[in-house]
>>> print(open('upload_30.cif').read())   # mmCIF, C-alpha atoms
data_my_file
loop_
_atom_site.group_PDB
_atom_site.id
_atom_site.type_symbol
_atom_site.label_atom_id
_atom_site.label_comp_id
_atom_site.auth_asym_id
_atom_site.auth_seq_id
_atom_site.Cartn_x
_atom_site.Cartn_y
_atom_site.Cartn_z
ATOM 1 C CA MET A 268 39.204 -4.494 1.223
ATOM 2 C CA PRO A 269 36.393 -6.990 1.913
ATOM 3 C CA ASN A 270 37.207 -10.673 1.489
ATOM 4 C CA TYR A 271 34.573 -11.472 -1.109
ATOM 5 C CA LYS A 272 34.922 -15.204 -0.686
ATOM 6 C CA SER A 273 34.694 -15.211 3.079
ATOM 7 C CA PHE A 274 31.805 -16.889 4.824
ATOM 8 C CA ASN A 275 30.985 -13.597 6.563
ATOM 9 C CA TYR A 276 30.636 -11.821 3.229
ATOM 10 C CA MET A 277 28.305 -14.518 1.889
ATOM 11 C CA GLU A 278 26.366 -14.363 5.137
ATOM 12 C CA LEU A 279 26.113 -10.567 4.811
ATOM 13 C CA LYS A 280 24.553 -10.884 1.368
ATOM 14 C CA GLU A 281 21.955 -13.361 2.608
ATOM 15 C CA GLU A 282 21.244 -11.105 5.558
ATOM 16 C CA LEU A 283 20.811 -8.125 3.230
ATOM 17 C CA LYS A 284 18.384 -10.026 1.044
ATOM 18 C CA THR A 285 16.277 -10.991 4.052
ATOM 19 C CA ARG A 286 16.298 -7.424 5.354
ATOM 20 C CA ILE A 287 15.439 -5.970 1.932
ATOM 21 C CA ILE A 288 12.456 -8.300 1.610
ATOM 22 C CA GLU A 289 11.238 -7.405 5.094
ATOM 23 C CA ALA A 290 11.820 -3.648 4.819
ATOM 24 C CA LEU A 291 10.169 -3.339 1.417
ATOM 25 C CA ASN A 292 7.276 -5.773 2.048
ATOM 26 C CA LEU A 293 8.238 -7.913 -0.930
ATOM 27 C CA GLU A 294 5.614 -10.569 -0.442
ATOM 28 C CA ASP A 295 6.166 -13.839 -2.319
ATOM 29 C CA ILE A 296 9.873 -13.063 -2.744
ATOM 30 C CA MET A 297 12.413 -15.344 -1.072
ATOM 31 C CA PRO A 298 16.111 -14.516 -0.627
ATOM 32 C CA SER A 299 16.873 -17.229 -3.174
ATOM 33 C CA ASP A 300 14.826 -15.264 -5.736
ATOM 34 C CA ILE A 301 17.220 -12.304 -5.545
ATOM 35 C CA ASP A 302 20.297 -12.832 -7.667
ATOM 36 C CA ASP A 303 23.389 -11.125 -6.253
ATOM 37 C CA ASP A 304 23.968 -9.182 -9.465
ATOM 38 C CA ALA A 305 20.337 -8.613 -10.459
ATOM 39 C CA PRO A 306 19.167 -4.988 -10.652
ATOM 40 C CA LEU A 307 16.946 -4.108 -7.704
ATOM 41 C CA PHE A 308 15.390 -1.076 -9.390
ATOM 42 C CA GLY A 309 14.168 -0.466 -12.902
ATOM 43 C CA ASP A 310 12.163 -2.581 -15.332
ATOM 44 C CA GLU A 311 14.264 -5.666 -14.689
ATOM 45 C CA GLY A 312 14.091 -5.224 -10.930
ATOM 46 C CA PHE A 313 11.414 -5.815 -8.330
ATOM 47 C CA GLY A 314 9.121 -2.882 -9.090
ATOM 48 C CA LEU A 315 10.803 -0.676 -6.482
ATOM 49 C CA ASP A 316 10.214 3.055 -6.332
ATOM 50 C CA SER A 317 11.698 6.135 -4.687
ATOM 51 C CA ILE A 318 10.022 5.379 -1.353
ATOM 52 C CA ASP A 319 11.732 1.973 -1.374
ATOM 53 C CA ALA A 320 15.057 3.715 -1.977
ATOM 54 C CA LEU A 321 14.446 5.845 1.117
ATOM 55 C CA GLU A 322 13.611 2.717 3.100
ATOM 56 C CA LEU A 323 16.929 1.177 2.047
ATOM 57 C CA ILE A 324 18.718 4.295 3.281
ATOM 58 C CA VAL A 325 16.976 3.826 6.644
ATOM 59 C CA LEU A 326 17.961 0.142 6.557
ATOM 60 C CA LEU A 327 21.645 1.035 6.186
ATOM 61 C CA GLU A 328 21.552 3.301 9.207
ATOM 62 C CA LYS A 329 19.328 1.113 11.381
ATOM 63 C CA HIS A 330 21.234 -2.143 10.947
ATOM 64 C CA TYR A 331 24.750 -1.088 9.962
ATOM 65 C CA GLY A 332 25.166 2.413 11.399
ATOM 66 C CA ILE A 333 25.831 3.887 7.956
ATOM 67 C CA LYS A 334 24.476 7.371 7.309
ATOM 68 C CA LEU A 335 24.553 8.459 3.685
ATOM 69 C CA LYS A 336 25.812 12.020 3.285
ATOM 70 C CA ASP A 337 23.697 12.431 0.147
ATOM 71 C CA ALA A 338 20.587 10.385 -0.709
ATOM 72 C CA LYS A 339 21.768 10.373 -4.331
ATOM 73 C CA GLU A 340 24.593 8.064 -3.297
ATOM 74 C CA GLY A 341 21.902 5.416 -3.049
ATOM 75 C CA LYS A 342 21.567 5.251 -6.829
ATOM 76 C CA GLN A 343 24.909 3.515 -7.130
ATOM 77 C CA ILE A 344 24.845 1.589 -3.852
ATOM 78 C CA PHE A 345 21.408 0.027 -4.377
ATOM 79 C CA LYS A 346 21.997 -1.176 -7.919
ATOM 80 C CA SER A 347 22.387 -4.763 -6.745
ATOM 81 C CA VAL A 348 22.884 -6.865 -3.627
ATOM 82 C CA ASN A 349 26.560 -7.290 -4.521
ATOM 83 C CA LEU A 350 27.102 -3.525 -4.599
ATOM 84 C CA MET A 351 25.140 -3.058 -1.374
ATOM 85 C CA ALA A 352 27.134 -5.781 0.377
ATOM 86 C CA ASP A 353 30.400 -4.290 -0.807
ATOM 87 C CA PHE A 354 29.393 -0.858 0.483
ATOM 88 C CA VAL A 355 28.202 -2.232 3.834
ATOM 89 C CA ALA A 356 31.338 -4.341 4.303
ATOM 90 C CA ARG A 357 33.550 -1.285 3.749
ATOM 91 C CA ASN A 358 31.555 1.216 5.809
ATOM 92 C CA ARG A 359 29.599 -0.556 8.517
ATOM 93 C CA LYS A 360 29.865 0.747 12.060
ATOM 94 C CA LYS A 361 27.809 -2.012 13.704
ATOM 95 C CA MET B 213 -28.421 8.809 -8.549
ATOM 96 C CA GLU B 214 -28.641 5.080 -8.953
ATOM 97 C CA ALA B 215 -26.399 2.483 -7.321
ATOM 98 C CA THR B 216 -25.525 -0.144 -9.890
ATOM 99 C CA HIS B 217 -23.212 -2.385 -7.861
ATOM 100 C CA THR B 218 -22.433 -2.723 -4.173
ATOM 101 C CA VAL B 219 -19.819 -4.333 -1.987
ATOM 102 C CA THR B 220 -19.836 -4.725 1.779
ATOM 103 C CA ILE B 221 -16.823 -5.946 3.700
ATOM 104 C CA THR B 222 -16.844 -6.459 7.451
ATOM 105 C CA ASN B 223 -14.349 -8.219 9.656
ATOM 106 C CA SER B 224 -15.744 -11.626 8.796
ATOM 107 C CA SER B 225 -17.909 -11.327 5.702
ATOM 108 C CA VAL B 226 -17.871 -10.109 2.134
ATOM 109 C CA MET B 227 -20.964 -9.372 0.052
ATOM 110 C CA VAL B 228 -20.887 -8.359 -3.596
ATOM 111 C CA ASP B 229 -24.227 -7.322 -5.083
ATOM 112 C CA ASN B 230 -25.902 -9.061 -2.125
ATOM 113 C CA ARG B 231 -24.114 -12.341 -2.813
ATOM 114 C CA ARG B 232 -21.792 -13.638 -0.142
ATOM 115 C CA LEU B 233 -18.214 -14.471 -1.107
ATOM 116 C CA MET B 234 -16.803 -17.407 0.820
ATOM 117 C CA THR B 235 -13.679 -16.667 2.818
ATOM 118 C CA MET B 236 -11.739 -18.710 5.334
ATOM 119 C CA GLN B 237 -10.010 -15.870 7.136
ATOM 120 C CA THR B 238 -11.074 -12.750 9.012
ATOM 121 C CA GLY B 239 -9.762 -9.207 9.284
ATOM 122 C CA THR B 240 -6.442 -8.409 7.652
ATOM 123 C CA ALA B 241 -5.828 -12.036 6.680
ATOM 124 C CA MET B 242 -9.179 -12.049 4.881
ATOM 125 C CA LEU B 243 -8.082 -9.080 2.768
ATOM 126 C CA THR B 244 -4.942 -10.979 1.781
ATOM 127 C CA GLU B 245 -7.051 -14.052 0.980
ATOM 128 C CA LEU B 246 -9.343 -11.931 -1.197
ATOM 129 C CA TYR B 247 -6.332 -10.404 -2.935
ATOM 130 C CA ARG B 248 -4.893 -13.825 -3.797
ATOM 131 C CA ASP B 249 -8.254 -15.250 -4.899
ATOM 132 C CA HIS B 250 -9.599 -12.304 -6.888
ATOM 133 C CA VAL B 251 -6.731 -10.005 -7.885
ATOM 134 C CA ASN B 252 -3.172 -11.350 -7.482
ATOM 135 C CA ASP B 253 -1.556 -9.040 -10.043
ATOM 136 C CA TYR B 254 -0.676 -5.940 -8.013
ATOM 137 C CA PRO B 255 2.219 -6.541 -5.586
ATOM 138 C CA LYS B 256 1.948 -2.967 -4.348
ATOM 139 C CA PHE B 257 -1.025 -4.229 -2.328
ATOM 140 C CA PHE B 258 1.452 -5.556 0.244
ATOM 141 C CA LYS B 259 3.015 -2.140 0.731
ATOM 142 C CA MET B 260 -0.338 -0.494 1.537
ATOM 143 C CA ASP B 261 -1.644 0.315 4.992
ATOM 144 C CA LEU B 262 -4.815 -1.357 6.270
ATOM 145 C CA LEU B 263 -7.212 1.359 5.080
ATOM 146 C CA SER B 264 -5.741 1.351 1.578
ATOM 147 C CA ARG B 265 -5.809 -2.462 1.414
ATOM 148 C CA LEU B 266 -9.476 -2.410 2.407
ATOM 149 C CA GLY B 267 -10.315 0.261 -0.159
ATOM 150 C CA PHE B 268 -8.295 -1.496 -2.833
ATOM 151 C CA ILE B 269 -9.971 -4.869 -2.306
ATOM 152 C CA ALA B 270 -13.453 -3.374 -1.997
ATOM 153 C CA THR B 271 -13.092 -1.462 -5.264
ATOM 154 C CA GLU B 272 -11.512 -4.412 -7.048
ATOM 155 C CA LEU B 273 -14.533 -6.568 -6.172
ATOM 156 C CA LEU B 274 -16.895 -3.731 -7.069
ATOM 157 C CA LEU B 275 -15.309 -3.059 -10.443
ATOM 158 C CA GLN B 276 -15.091 -6.750 -11.262
ATOM 159 C CA ALA B 277 -18.832 -6.955 -10.574
ATOM 160 C CA GLU B 278 -19.356 -4.008 -12.909
ATOM 161 C CA GLY B 279 -17.542 -5.912 -15.639
ATOM 162 C CA ALA B 280 -16.657 -2.808 -17.662
ATOM 163 C CA THR B 281 -13.354 -2.302 -19.462
ATOM 164 C CA ARG B 282 -10.789 -1.311 -16.876
ATOM 165 C CA PHE B 283 -7.558 0.653 -16.612
ATOM 166 C CA MET B 284 -8.327 3.000 -19.516
ATOM 167 C CA GLU B 285 -7.671 6.583 -18.520
ATOM 168 C CA ARG B 286 -10.902 8.326 -17.565
ATOM 169 C CA THR B 287 -11.872 11.619 -16.019
ATOM 170 C CA ASP B 288 -15.599 10.963 -15.673
ATOM 171 C CA ARG B 289 -15.541 8.828 -12.542
ATOM 172 C CA ALA B 290 -15.177 10.303 -9.066
ATOM 173 C CA VAL B 291 -13.962 8.496 -5.957
ATOM 174 C CA VAL B 292 -15.718 9.921 -2.899
ATOM 175 C CA LEU B 293 -15.250 8.073 0.367
ATOM 176 C CA PHE B 294 -16.335 8.701 3.942
ATOM 177 C CA ASN B 295 -14.656 7.545 7.124
ATOM 178 C CA HIS B 296 -14.498 8.171 10.867
ATOM 179 C CA THR B 297 -11.122 7.048 12.218
ATOM 180 C CA ALA B 298 -9.026 8.692 9.484
ATOM 181 C CA SER B 299 -5.669 6.927 9.093
ATOM 182 C CA THR B 300 -5.322 5.950 12.753
ATOM 183 C CA GLN B 301 -3.822 2.520 12.083
ATOM 184 C CA ALA B 302 -1.200 3.960 9.724
ATOM 185 C CA ASP B 303 -0.472 6.799 12.132
ATOM 186 C CA GLN B 304 0.172 4.314 14.926
ATOM 187 C CA ALA B 305 2.347 2.121 12.704
ATOM 188 C CA TYR B 306 4.468 5.127 11.766
ATOM 189 C CA GLU B 307 4.666 6.299 15.397
ATOM 190 C CA GLN B 308 6.156 2.939 16.356
ATOM 191 C CA THR B 309 9.152 3.706 14.129
ATOM 192 C CA ILE B 310 9.902 6.917 16.027
ATOM 193 C CA HIS B 311 8.626 6.002 19.483
ATOM 194 C CA HIS B 312 11.932 5.211 21.144
ATOM 195 C CA ARG B 313 14.640 7.850 21.137
ATOM 196 C CA GLU B 314 17.380 5.231 20.945
ATOM 197 C CA GLN B 315 15.682 3.460 18.026
ATOM 198 C CA PHE B 316 14.518 6.491 16.089
ATOM 199 C CA PHE B 317 14.214 5.340 12.452
ATOM 200 C CA PRO B 318 11.241 7.040 10.750
ATOM 201 C CA SER B 319 9.874 4.738 8.061
ATOM 202 C CA PRO B 320 9.181 6.504 4.733
ATOM 203 C CA SER B 321 6.893 3.711 3.523
ATOM 204 C CA ALA B 322 4.816 3.950 6.725
ATOM 205 C CA PHE B 323 4.801 7.742 6.648
ATOM 206 C CA VAL B 324 3.249 8.026 3.175
ATOM 207 C CA TYR B 325 0.047 6.391 4.462
ATOM 208 C CA THR B 326 -0.453 8.810 7.364
ATOM 209 C CA LEU B 327 -3.149 10.668 5.440
ATOM 210 C CA PRO B 328 -6.544 8.972 5.099
ATOM 211 C CA ASN B 329 -7.190 10.194 1.562
ATOM 212 C CA ILE B 330 -4.229 8.192 0.280
ATOM 213 C CA VAL B 331 -6.707 5.327 -0.179
ATOM 214 C CA THR B 332 -8.497 7.345 -2.875
ATOM 215 C CA GLY B 333 -5.141 7.906 -4.549
ATOM 216 C CA GLU B 334 -4.356 4.196 -4.542
ATOM 217 C CA ILE B 335 -7.751 3.470 -6.135
ATOM 218 C CA ALA B 336 -7.230 6.185 -8.743
ATOM 219 C CA ILE B 337 -3.704 5.001 -9.600
ATOM 220 C CA ARG B 338 -4.773 1.384 -9.971
ATOM 221 C CA ASN B 339 -7.700 2.251 -12.208
ATOM 222 C CA ASN B 340 -6.230 5.202 -14.125
ATOM 223 C CA TYR B 341 -8.913 7.574 -12.813
ATOM 224 C CA HIS B 342 -8.142 11.249 -13.335
ATOM 225 C CA GLY B 343 -11.381 12.691 -11.977
ATOM 226 C CA GLU B 344 -12.394 13.949 -8.567
ATOM 227 C CA THR B 345 -11.142 12.158 -5.472
ATOM 228 C CA HIS B 346 -12.193 12.963 -1.915
ATOM 229 C CA LEU B 347 -12.224 11.408 1.507
ATOM 230 C CA PHE B 348 -14.308 13.022 4.235
ATOM 231 C CA ILE B 349 -13.968 12.306 7.937
ATOM 232 C CA LEU B 350 -17.329 12.282 9.724
ATOM 233 C CA PRO B 351 -18.246 12.114 13.430
ATOM 234 C CA THR B 352 -20.329 9.009 12.745
ATOM 235 C CA ARG B 353 -21.505 7.006 9.772
ATOM 236 C CA ASP B 354 -24.427 9.053 8.474
ATOM 237 C CA THR B 355 -25.743 7.828 5.133
ATOM 238 C CA GLU B 356 -28.070 10.799 4.667
ATOM 239 C CA LEU B 357 -25.230 13.257 5.205
ATOM 240 C CA MET B 358 -23.047 11.237 2.836
ATOM 241 C CA ARG B 359 -25.743 11.372 0.176
ATOM 242 C CA ARG B 360 -26.142 15.138 0.598
ATOM 243 C CA MET B 361 -22.392 15.708 0.402
ATOM 244 C CA LEU B 362 -22.036 13.557 -2.685
ATOM 245 C CA GLY B 363 -24.489 15.677 -4.670
ATOM 246 C CA PRO B 364 -22.491 18.909 -5.104
ATOM 247 C CA ILE B 365 -19.233 17.019 -5.638
ATOM 248 C CA THR B 366 -20.670 15.157 -8.600
ATOM 249 C CA ALA B 367 -22.686 18.083 -9.974
ATOM 250 C CA ASP B 368 -20.063 19.051 -12.553
ATOM 251 C CA PRO B 369 -20.823 18.056 -16.156
ATOM 252 C CA LEU B 370 -17.692 15.909 -16.444
ATOM 253 C CA THR B 371 -18.514 13.426 -13.675
ATOM 254 C CA ARG B 372 -20.795 10.650 -14.868
ATOM 255 C CA SER B 373 -20.333 8.098 -12.117
ATOM 256 C CA ALA B 374 -18.734 7.683 -8.714
ATOM 257 C CA VAL B 375 -17.250 5.003 -6.545
ATOM 258 C CA THR B 376 -18.522 6.087 -3.172
ATOM 259 C CA GLY B 377 -19.370 4.949 0.325
ATOM 260 C CA TRP B 378 -18.082 4.251 3.806
ATOM 261 C CA ILE B 379 -14.667 2.853 4.561
ATOM 262 C CA ASP B 380 -13.126 2.571 7.991
ATOM 263 C CA ALA B 381 -10.323 0.467 9.481
ATOM 264 C CA PRO B 382 -9.275 1.563 12.960
ATOM 265 C CA ASP B 383 -7.354 -1.661 13.591
ATOM 266 C CA GLU B 384 -6.752 -5.149 12.201
ATOM 267 C CA HIS B 385 -9.869 -6.590 13.852
ATOM 268 C CA HIS B 386 -12.291 -3.848 12.851
ATOM 269 C CA ILE B 387 -12.686 -3.228 9.158
ATOM 270 C CA HIS B 388 -15.814 -1.953 7.447
ATOM 271 C CA ALA B 389 -16.410 -0.946 3.844
ATOM 272 C CA GLU B 390 -19.723 -0.351 2.137
ATOM 273 C CA LEU B 391 -19.037 0.932 -1.350
ATOM 274 C CA GLN B 392 -21.140 1.313 -4.430
ATOM 275 C CA ILE B 393 -20.921 2.574 -7.972
ATOM 276 C CA ILE B 394 -23.334 5.431 -8.520
ATOM 277 C CA GLN B 395 -24.489 6.351 -12.008
ATOM 278 C CA LEU B 396 -25.540 9.969 -12.206
ATOM 279 C CA TYR B 397 -28.907 10.810 -13.708
ATOM 280 C CA GLY B 398 -28.902 12.529 -17.052
ATOM 281 C CA THR B 399 -25.544 11.049 -18.048
#
>>> encode(input="upload_30.cif", output="structure tokens")
Amino acid sequence: MPNYKSFNYMELKEELKTRIIEALNLEDIMPSDIDDDAPLFGDEGFGLDSIDALELIVLLEKHYGIKLKDAKEGKQIFKSVNLMADFVARNRKK
Amino acid sequence: MEATHTVTITNSSVMVDNRRLMTMQTGTAMLTELYRDHVNDYPKFFKMDLLSRLGFIATELLLQAEGATRFMERTDRAVVLFNHTASTQADQAYEQTIHHREQFFPSPSAFVYTLPNIVTGEIAIRNNYHGETHLFILPTRDTELMRRMLGPITADPLTRSAVTGWIDAPDEHHIHAELQIIQLYGT
């Protein structure tokens, strides 16, 4: 069970935000602009599409050694930074 | 066929209807500068490869010069572009993501631009064009051949105008677009 209040967990979320911005070419977006609970996809998100979802799947494997068994798992995992961080904390291999 | 508006973009200069637009930057940075100064409402620009960014900016300047109502769905305008180096820059960018066996992470967002005609798709999506779109790869820039090829493509009764011309971007320091809007006679 991840320690949600630990410094490492907070650091992971900031790291994820930076990597999301870089991987998805979100120009003009700073990590501080991404709320931990804000939806990443959809009308209230950052205008992301299915190609961005695939890029996030690559991001999980490239930086954390996590291979999704089914791309559809991404729908739940990528809902917000909090959910992504929780998933990475539980499953990371690097 | 009559050209009603023209835009020429090289590595260090931008001309719209024979008037020079002032820019501070060159190459790729110039395209970003032009985006911020003249568009600035389409974040997808930053996801595009170099060829698509060049085509996007060139057509934005062209269509702003035209001054017509934009973004209404239309089927009467073709997008017919000509090029020599295809999508070389995008191909190389994608190859970098799979170059090393130990760091083999193919990038989906780089991969989708490894077809040169994607630039016509980006232009069509932005402007809600549902007419003909083509990109032809030529051995060299040959304006007479381009003119001859354009004729049959726009001969159908539905096409009344075309965004057409040369667009090439082999690398960040060599970009060249000469586009125009052509109104077809008898329309």
>>> atom_distance(input="upload_30.cif", atom1="atom CA of Leu362 of chain B", atom2="atom CA of Arg286 of chain B")
19.3 Å
>>> resolve_selection(input="upload_30.cif", expression="the PyMOL selection byres ((chain B) within 9 of (chain A))", output="PyMOL selection string")
chain B and resi 255-256+258-259+315-321+324
>>> write_last_selection(input="upload_30.cif", atoms="C-alpha atoms", output="PDB file, in the frame of the given file")
ATOM      1  CA  PRO B 255       2.219  -6.541  -5.586  1.00  0.00           C
ATOM      2  CA  LYS B 256       1.948  -2.967  -4.348  1.00  0.00           C
ATOM      3  CA  PHE B 258       1.452  -5.556   0.244  1.00  0.00           C
ATOM      4  CA  LYS B 259       3.015  -2.140   0.731  1.00  0.00           C
ATOM      5  CA  GLN B 315      15.682   3.460  18.026  1.00  0.00           C
ATOM      6  CA  PHE B 316      14.518   6.491  16.089  1.00  0.00           C
ATOM      7  CA  PHE B 317      14.214   5.340  12.452  1.00  0.00           C
ATOM      8  CA  PRO B 318      11.241   7.040  10.750  1.00  0.00           C
ATOM      9  CA  SER B 319       9.874   4.738   8.061  1.00  0.00           C
ATOM     10  CA  PRO B 320       9.181   6.504   4.733  1.00  0.00           C
ATOM     11  CA  SER B 321       6.893   3.711   3.523  1.00  0.00           C
ATOM     12  CA  VAL B 324       3.249   8.026   3.175  1.00  0.00           C
TER      13      VAL B 324
END
>>> closest_atom_pairs(input="upload_30.cif", of="segment 243-362 of chain B", to="segment 367-385 of chain B", cutoff="9 Å", atoms="all atoms listed in the file", output="CSV")
residue,atom,partner,partner_atom,distance
B:Leu262,CA,B:Ala381,CA,6.6
B:Leu263,CA,B:Ala381,CA,5.5
B:Leu266,CA,B:Ala381,CA,7.7
B:Gly267,CA,B:Ile379,CA,6.9
B:Thr271,CA,B:Val375,CA,7.8
B:Leu274,CA,B:Val375,CA,8.8
B:Thr287,CA,B:Leu370,CA,7.2
B:Asp288,CA,B:Thr371,CA,4.3
B:Arg289,CA,B:Ser373,CA,4.9
B:Ala290,CA,B:Ala374,CA,4.4
B:Val291,CA,B:Val375,CA,4.8
B:Val292,CA,B:Thr376,CA,4.8
B:Leu293,CA,B:Gly377,CA,5.2
B:Phe294,CA,B:Trp378,CA,4.8
B:Asn295,CA,B:Asp380,CA,5.3
B:His296,CA,B:Asp380,CA,6.4
B:Thr297,CA,B:Pro382,CA,5.8
B:Ala298,CA,B:Asp380,CA,7.5
B:Ser299,CA,B:Pro382,CA,7.5
B:Thr300,CA,B:Pro382,CA,5.9
B:Gln301,CA,B:Pro382,CA,5.6
B:Gly343,CA,B:Thr371,CA,7.4
B:Glu344,CA,B:Thr371,CA,8.0
B:Arg353,CA,B:Trp378,CA,7.4
B:Thr355,CA,B:Gly377,CA,8.5
B:Met358,CA,B:Gly377,CA,7.7
B:Leu362,CA,B:Thr376,CA,8.3
>>> residues_around(input="upload_30.cif", residues="Gln276 of chain B", least_positions_apart="4", cutoff="12 Å", atoms="only C-alpha atoms", output="number ranges by chain")
B: 217-219, 228-229, 250-251, 269-272, 280-283, 339, 393
>>> residues_around(input="upload_30.cif", residues="Gly341 of chain A", least_positions_apart="2", cutoff="10 Å", atoms="only C-alpha atoms", output="list in words")
Ala320, Leu321, Leu323, Ile324, Leu335, Lys336, Asp337, Ala338, Lys339, Gln343, Ile344, Phe345, Lys346 and Met351 of chain A
>>> residues_around(input="upload_30.cif", residues="Ile221 of chain B", least_positions_apart="5", cutoff="6 Å", atoms="only C-alpha atoms", output="list of chain:residue names")
B:Val226, B:His388, B:Ala389
>>> resolve_selection(input="upload_30.cif", expression="the PyMOL selection byres ((chain B and resi 335) around 9)", output="PDB file with C-alpha atoms, in the coordinates of the input")
ATOM      1  CA  SER B 264      -5.741   1.351   1.578  1.00  0.00           C
ATOM      2  CA  GLY B 267     -10.315   0.261  -0.159  1.00  0.00           C
ATOM      3  CA  PHE B 268      -8.295  -1.496  -2.833  1.00  0.00           C
ATOM      4  CA  THR B 271     -13.092  -1.462  -5.264  1.00  0.00           C
ATOM      5  CA  GLU B 272     -11.512  -4.412  -7.048  1.00  0.00           C
ATOM      6  CA  VAL B 291     -13.962   8.496  -5.957  1.00  0.00           C
ATOM      7  CA  ILE B 330      -4.229   8.192   0.280  1.00  0.00           C
ATOM      8  CA  VAL B 331      -6.707   5.327  -0.179  1.00  0.00           C
ATOM      9  CA  THR B 332      -8.497   7.345  -2.875  1.00  0.00           C
ATOM     10  CA  GLY B 333      -5.141   7.906  -4.549  1.00  0.00           C
ATOM     11  CA  GLU B 334      -4.356   4.196  -4.542  1.00  0.00           C
ATOM     12  CA  ALA B 336      -7.230   6.185  -8.743  1.00  0.00           C
ATOM     13  CA  ILE B 337      -3.704   5.001  -9.600  1.00  0.00           C
ATOM     14  CA  ARG B 338      -4.773   1.384  -9.971  1.00  0.00           C
ATOM     15  CA  ASN B 339      -7.700   2.251 -12.208  1.00  0.00           C
ATOM     16  CA  ASN B 340      -6.230   5.202 -14.125  1.00  0.00           C
ATOM     17  CA  TYR B 341      -8.913   7.574 -12.813  1.00  0.00           C
TER      18      TYR B 341
END
>>> residues_near_point(input="upload_30.cif", point="(-27.4, 2.4, -8.8)", cutoff="8 Å", atoms="only C-alpha atoms", output="ChimeraX atom specification")
/B:213-217,392-395
>>> write_last_selection(input="upload_30.cif", atoms="C-alpha atoms", output="mmCIF file, in the frame of the given file")
data_model
loop_
_atom_site.group_PDB
_atom_site.id
_atom_site.type_symbol
_atom_site.label_atom_id
_atom_site.label_comp_id
_atom_site.auth_asym_id
_atom_site.auth_seq_id
_atom_site.Cartn_x
_atom_site.Cartn_y
_atom_site.Cartn_z
ATOM 1 C CA MET B 213 -28.421 8.809 -8.549
ATOM 2 C CA GLU B 214 -28.641 5.080 -8.953
ATOM 3 C CA ALA B 215 -26.399 2.483 -7.321
ATOM 4 C CA THR B 216 -25.525 -0.144 -9.890
ATOM 5 C CA HIS B 217 -23.212 -2.385 -7.861
ATOM 6 C CA GLN B 392 -21.140 1.313 -4.430
ATOM 7 C CA ILE B 393 -20.921 2.574 -7.972
ATOM 8 C CA ILE B 394 -23.334 5.431 -8.520
ATOM 9 C CA GLN B 395 -24.489 6.351 -12.008
#
>>> residues_near_point(input="upload_30.cif", point="(28.2, -7.5, -2.4)", cutoff="12 Å", atoms="all atoms listed in the file", output="short mmCIF file (atom, residue, chain, number, x, y, z; two decimals) with C-alpha atoms, keeping the file's coordinate frame")
data_model
loop_
_atom_site.label_atom_id
_atom_site.label_comp_id
_atom_site.auth_asym_id
_atom_site.auth_seq_id
_atom_site.Cartn_x
_atom_site.Cartn_y
_atom_site.Cartn_z
CA MET A 268 39.20 -4.49 1.22
CA PRO A 269 36.39 -6.99 1.91
CA ASN A 270 37.21 -10.67 1.49
CA TYR A 271 34.57 -11.47 -1.11
CA LYS A 272 34.92 -15.20 -0.69
CA SER A 273 34.69 -15.21 3.08
CA ASN A 275 30.98 -13.60 6.56
CA TYR A 276 30.64 -11.82 3.23
CA MET A 277 28.30 -14.52 1.89
CA GLU A 278 26.37 -14.36 5.14
CA LEU A 279 26.11 -10.57 4.81
CA LYS A 280 24.55 -10.88 1.37
CA GLU A 281 21.96 -13.36 2.61
CA GLU A 282 21.24 -11.10 5.56
CA LEU A 283 20.81 -8.12 3.23
CA LYS A 284 18.38 -10.03 1.04
CA ASP A 302 20.30 -12.83 -7.67
CA ASP A 303 23.39 -11.12 -6.25
CA ASP A 304 23.97 -9.18 -9.46
CA ALA A 305 20.34 -8.61 -10.46
CA ILE A 344 24.84 1.59 -3.85
CA PHE A 345 21.41 0.03 -4.38
CA LYS A 346 22.00 -1.18 -7.92
CA SER A 347 22.39 -4.76 -6.74
CA VAL A 348 22.88 -6.86 -3.63
CA ASN A 349 26.56 -7.29 -4.52
CA LEU A 350 27.10 -3.52 -4.60
CA MET A 351 25.14 -3.06 -1.37
CA ALA A 352 27.13 -5.78 0.38
CA ASP A 353 30.40 -4.29 -0.81
CA PHE A 354 29.39 -0.86 0.48
CA VAL A 355 28.20 -2.23 3.83
CA ALA A 356 31.34 -4.34 4.30
CA ARG A 357 33.55 -1.28 3.75
#
>>> axis_aligned_box(input="upload_30.cif", around="segment 338-342 of chain B", padding_each_side="8 Å", output="lines of an AutoDock Vina configuration file")
center_x = -6.8
center_y = 6.3
center_z = -12.0
size_x = 20.1
size_y = 25.9
size_z = 20.2
>>> atom_distance(input="upload_30.cif", atom1="atom CA of Lys361 of chain A", atom2="atom CA of Lys334 of chain A")
11.8 Å
>>> atom_distance(input="upload_30.cif", atom1="atom CA of Thr222 of chain B", atom2="atom CA of Thr326 of chain B")
22.4 Å
>>> resolve_selection(input="upload_30.cif", expression="the PyMOL selection byres ((chain B and resi 243) around 10)", output="list in words")
Ile221, Asn223, Val226, Thr235, Gln237, Thr238, Gly239, Thr240, Ala241, Met242, Thr244, Glu245, Leu246, Tyr247, Arg248, Asp249, Phe257, Leu262, Arg265, Leu266, Phe268, Ile269, Ala270 and Ile387 of chain B
